[in-house]
2 protein chains.
Amino acid sequence: MTPPDNLTTIAARHGKAARLAAGQQVRVINTHGKQVVDTWAFNAADIREFMSMEHSRATMLTVFPKVGDTFLSNRRQPMLTITEDTTPGIHDTLIAACDSHRYKQLGVTGYHESCTENLALALGELGLAPPETPSPLNLSMTIPVTASGALSFEPPVSEPGQSITLRAEMDLVIVFSACPQDVLPVNGLNPTEAHFSIL
Amino acid sequence: MTPPDNLTTIAARHGKAARLAAGQQVRVINTHGKQVVDTWAFNAADIREFMSMEHSRATMLTVFPKVGDTFLSNRRQPMLTITEDTTPGIHDTLIAACDSHRYKQLGVTGYHESCTENLALALGELGLAPPETPSPLNLSMTIPVTASGALSFEPPVSEPGQSITLRAEMDLVIVFSACPQDVLPVNGLNPTEAHFSIL
């Protein structure tokens, strides 16, 4: 793939933040196909307002967001709308960002990168600090839900180069983390880079 | 029903907080059967640690918690375990607490009680303030999930006097709100009181 000029890399196991003006779109490319990208959005004018999965589900009325769905903030304001999705459309809204506690729970000893740390580091590059770690939108993360409510952690069903495009509904800071999870199969046990471009 | 001596009322449309020592249990009684009770728990030693639905789902591996399931904090520590449930076992972990923005969104003009406000007021009675409004455990709230992920707001399926019992896994502050939602049918369009007792 020849990357367009405005393509930004989300390095494997790391995070990256960017500013979006209302009306701008961001395309998130699953470059190698099997990479979960945890995604957060914060109001550029007040970081205490952020995209909230639990508030969004109350109006989207689904746990699997599709083209046309709009994510709301913790103040119920529109933040991001899915305008295009060339992946099979399986994205997770249910599972917390991984963190140091999670890797300890899974038996990892010593340091391990995490999406929670990546959020803080990426915002830090813009001189910002997260007020908390909101429950993320986990792009390409495959957590099937049965009618009895059972959940499982599965590898992504997306393919290399597939993408999802999100439109900013307010001026915001968007943050991505190429999830470093390599104990559970959510990244096919091989965390890779991903890319995004602002349209 | 003759209430036991140690029964505490959660007034209709209002909240109530209580302290639980590790090992104590609390029984939440759906006195009139069709009342959702939003529930939060905070570490008594550090209110920034609280029960988190998104962290709990990652290890419970279900959106419908059952007897034996343990809710984790945002630091992945055990907080509450379901030890008994005489309701049909339908409790919600997906939907945010109602708030003033939600009632405005639903067409209410002027003041309306909310679970978010009830959380702050109830903690305030103990001299505490919530660091944020965590996504609550919504007892008896009936939000079915289809295999395609679709959600809907339905009336409770519990009956008068049915209860759920939770054991504290650390010293904590528990907060209940008898949900004042009367626009959607989640409380059968008739918000009522509920009760709890500490065992």
# chains A, B, ... in the order shown; residues from 1 in each chain; ligands from 1
call {"tool": "residues_around", "arguments": {"residues": "stretch 122-137 of chain B", "least_positions_apart": "3", "cutoff": "6 Å", "atoms": "only C-alpha atoms", "output": "JSON, numbers by chain"}}
result
{"B": [15, 16, 17, 38, 39, 40, 93, 96, 118, 119]}
call {"tool": "interface_residues", "arguments": {"of": "chain A", "to": "chain B", "cutoff": "10 Å", "atoms": "only C-alpha atoms", "output": "PyMOL selection string"}}
result
chain A and resi 48+52-65+74-77+93-102+104-105+131-136+143-153
call {"tool": "write_last_selection", "arguments": {"atoms": "C-alpha atoms", "output": "short mmCIF file (atom, residue, chain, number, x, y, z; two decimals), in the first residue's frame"}}
result
data_model
loop_
_atom_site.label_atom_id
_atom_site.label_comp_id
_atom_site.auth_asym_id
_atom_site.auth_seq_id
_atom_site.Cartn_x
_atom_site.Cartn_y
_atom_site.Cartn_z
CA ARG A 48 -14.08 16.67 31.06
CA SER A 52 -19.16 7.71 26.36
CA MET A 53 -20.11 4.20 25.30
CA GLU A 54 -22.80 3.88 28.01
CA HIS A 55 -24.47 7.14 27.01
CA SER A 56 -24.16 6.30 23.29
CA ARG A 57 -25.77 2.85 23.67
CA ALA A 58 -28.89 4.47 25.19
CA THR A 59 -29.65 6.22 21.90
CA MET A 60 -27.87 4.04 19.30
CA LEU A 61 -29.82 1.08 20.79
CA THR A 62 -27.11 -1.34 19.77
CA VAL A 63 -23.83 -2.68 21.11
CA PHE A 64 -22.49 -2.94 17.53
CA PRO A 65 -22.41 0.56 16.00
CA ASN A 74 -21.10 12.00 28.82
CA ARG A 75 -23.25 15.17 28.45
CA ARG A 76 -25.29 13.54 25.64
CA GLN A 77 -23.88 15.80 22.91
CA THR A 93 -18.31 -0.96 22.91
CA LEU A 94 -18.36 -3.25 25.97
CA ILE A 95 -14.80 -3.84 27.18
CA ALA A 96 -12.55 -1.51 29.20
CA ALA A 97 -9.15 -0.42 27.89
CA CYS A 98 -6.36 -2.76 28.96
CA ASP A 99 -4.19 -1.50 31.82
CA SER A 100 -1.33 -2.66 34.04
CA HIS A 101 -3.85 -4.32 36.41
CA ARG A 102 -5.24 -6.36 33.51
CA LYS A 104 -1.05 -8.63 36.09
CA GLN A 105 -4.45 -10.42 36.24
CA PRO A 131 -9.69 13.27 33.41
CA GLU A 132 -10.23 9.48 33.61
CA THR A 133 -10.01 6.55 31.17
CA PRO A 134 -13.42 6.48 29.48
CA SER A 135 -14.65 3.14 28.21
CA PRO A 136 -13.24 3.13 24.66
CA ILE A 143 -16.49 -9.57 21.23
CA PRO A 144 -19.57 -11.55 20.13
CA VAL A 145 -22.68 -11.34 22.35
CA THR A 146 -25.12 -14.24 22.52
CA ALA A 147 -28.83 -13.71 23.22
CA SER A 148 -28.16 -14.93 26.78
CA GLY A 149 -25.53 -12.18 27.09
CA ALA A 150 -22.36 -14.32 27.02
CA LEU A 151 -19.19 -12.61 25.77
CA SER A 152 -15.94 -13.99 24.35
CA PHE A 153 -12.65 -12.52 23.13
#
call {"tool": "atom_distance", "arguments": {"atom1": "atom CA of A:Tyr111", "atom2": "atom CA of A:Val175"}}
result
22.2 Å
call {"tool": "closest_residue", "arguments": {"among": "A:Val36, A:Leu7, A:Leu172, A:Leu20", "to": "A:Asn190", "atoms": "only C-alpha atoms"}}
result
A:Val36
call {"tool": "closest_residue", "arguments": {"among": "A:Arg19, A:Arg27, A:Lys34, A:Arg167", "to": "A:Pro78", "atoms": "only C-alpha atoms"}}
result
A:Arg167
call {"tool": "atom_distance", "arguments": {"atom1": "atom CA of A:Asp85", "atom2": "atom CA of A:Glu159"}}
result
12.2 Å
call {"tool": "residues_around", "arguments": {"residues": "B:Leu80", "least_positions_apart": "5", "cutoff": "6 Å", "atoms": "only C-alpha atoms", "output": "ChimeraX atom specification"}}
result
/B:70-71,166-169
call {"tool": "closest_residue", "arguments": {"among": "A:Leu199, A:Leu106, A:Ile90, A:Met170", "to": "A:Ala22", "atoms": "only C-alpha atoms"}}
result
A:Met170
call {"tool": "select_by_dssp", "arguments": {"residues": "stretch 12-142 of chain A", "states": "helix (DSSP H, G or I)", "output": "JSON, numbers by chain"}}
result
{"A": [53, 54, 55, 56, 57, 58, 59, 60, 100, 101, 102, 103, 104, 105, 115, 116, 117, 118, 119, 120, 121, 122, 123, 124, 125]}
call {"tool": "residues_around", "arguments": {"residues": "A:Thr86", "least_positions_apart": "2", "cutoff": "12 Å", "atoms": "only C-alpha atoms", "output": "PyMOL selection string"}}
result
chain A and resi 27-30+33+66-67+82-84+88-90+140+157-165
call {"tool": "write_last_selection", "arguments": {"atoms": "C-alpha atoms", "output": "mmCIF file, in the first residue's frame"}}
result
data_model
loop_
_atom_site.group_PDB
_atom_site.id
_atom_site.type_symbol
_atom_site.label_atom_id
_atom_site.label_comp_id
_atom_site.auth_asym_id
_atom_site.auth_seq_id
_atom_site.Cartn_x
_atom_site.Cartn_y
_atom_site.Cartn_z
ATOM 1 C CA ARG A 27 -10.297 7.408 8.393
ATOM 2 C CA VAL A 28 -8.756 4.684 10.558
ATOM 3 C CA ILE A 29 -7.026 2.042 8.481
ATOM 4 C CA ASN A 30 -6.488 -1.493 9.742
ATOM 5 C CA GLY A 33 -6.053 -6.344 9.189
ATOM 6 C CA LYS A 66 -22.985 0.863 12.249
ATOM 7 C CA VAL A 67 -22.731 3.530 9.514
ATOM 8 C CA ILE A 82 -19.663 6.654 11.480
ATOM 9 C CA THR A 83 -19.821 7.757 7.823
ATOM 10 C CA GLU A 84 -18.162 4.770 6.123
ATOM 11 C CA PRO A 88 -17.255 -6.288 8.376
ATOM 12 C CA GLY A 89 -18.610 -3.793 10.956
ATOM 13 C CA ILE A 90 -17.641 -5.620 14.116
ATOM 14 C CA SER A 140 -12.216 -4.113 14.928
ATOM 15 C CA VAL A 157 -12.562 -10.354 11.294
ATOM 16 C CA SER A 158 -11.274 -7.318 9.372
ATOM 17 C CA GLU A 159 -8.755 -7.620 6.519
ATOM 18 C CA PRO A 160 -5.624 -5.600 5.612
ATOM 19 C CA GLY A 161 -6.415 -2.084 4.376
ATOM 20 C CA GLN A 162 -10.026 -2.048 5.530
ATOM 21 C CA SER A 163 -11.079 1.144 7.279
ATOM 22 C CA ILE A 164 -13.751 2.987 9.219
ATOM 23 C CA THR A 165 -14.410 6.707 8.793
#
call {"tool": "residues_around", "arguments": {"residues": "B:Asn187", "least_positions_apart": "4", "cutoff": "10 Å", "atoms": "only C-alpha atoms", "output": "PyMOL selection string"}}
result
chain B and resi 33-37+140-142+153-156+178-183+191-192
call {"tool": "write_last_selection", "arguments": {"atoms": "C-alpha atoms", "output": "PDB file, in the first residue's frame"}}
result
ATOM      1  CA  GLY B  33     -41.621  -5.242  41.832  1.00  0.00           C
ATOM      2  CA  LYS B  34     -41.151  -2.914  38.880  1.00  0.00           C
ATOM      3  CA  GLN B  35     -38.507  -0.495  40.150  1.00  0.00           C
ATOM      4  CA  VAL B  36     -35.015  -0.162  38.691  1.00  0.00           C
ATOM      5  CA  VAL B  37     -32.334   0.559  41.309  1.00  0.00           C
ATOM      6  CA  SER B 140     -34.021  -5.145  37.585  1.00  0.00           C
ATOM      7  CA  MET B 141     -33.518  -2.938  34.511  1.00  0.00           C
ATOM      8  CA  THR B 142     -34.605  -4.946  31.474  1.00  0.00           C
ATOM      9  CA  PHE B 153     -35.928  -0.485  26.970  1.00  0.00           C
ATOM     10  CA  GLU B 154     -38.506  -2.786  28.606  1.00  0.00           C
ATOM     11  CA  PRO B 155     -40.404  -2.867  31.929  1.00  0.00           C
ATOM     12  CA  PRO B 156     -38.880  -4.950  34.769  1.00  0.00           C
ATOM     13  CA  ALA B 178     -34.632   4.434  42.816  1.00  0.00           C
ATOM     14  CA  CYS B 179     -34.636   5.500  39.165  1.00  0.00           C
ATOM     15  CA  PRO B 180     -37.061   8.389  38.465  1.00  0.00           C
ATOM     16  CA  GLN B 181     -37.403   7.528  34.768  1.00  0.00           C
ATOM     17  CA  ASP B 182     -41.100   8.014  33.873  1.00  0.00           C
ATOM     18  CA  VAL B 183     -40.818   8.781  30.148  1.00  0.00           C
ATOM     19  CA  PRO B 191     -41.334   5.089  39.833  1.00  0.00           C
ATOM     20  CA  THR B 192     -41.684   3.723  43.372  1.00  0.00           C
TER      21      THR B 192
END
call {"tool": "atom_distance", "arguments": {"atom1": "atom CA of B:Met79", "atom2": "atom CA of B:Ile198"}}
result
15.8 Å
call {"tool": "select_by_dssp", "arguments": {"residues": "chain B", "states": "strand (DSSP E or B)", "output": "ChimeraX atom specification"}}
result
/B:7-10,15-20,25-30,37-43,46-51,62,70-73,78-85,92,137-139,142,145,150-151,154,162-168,172-178,194-198
call {"tool": "closest_residue", "arguments": {"among": "A:Ile47, A:Thr31, A:Thr116, A:Thr87", "to": "A:Ala12", "atoms": "only C-alpha atoms"}}
result
A:Thr31
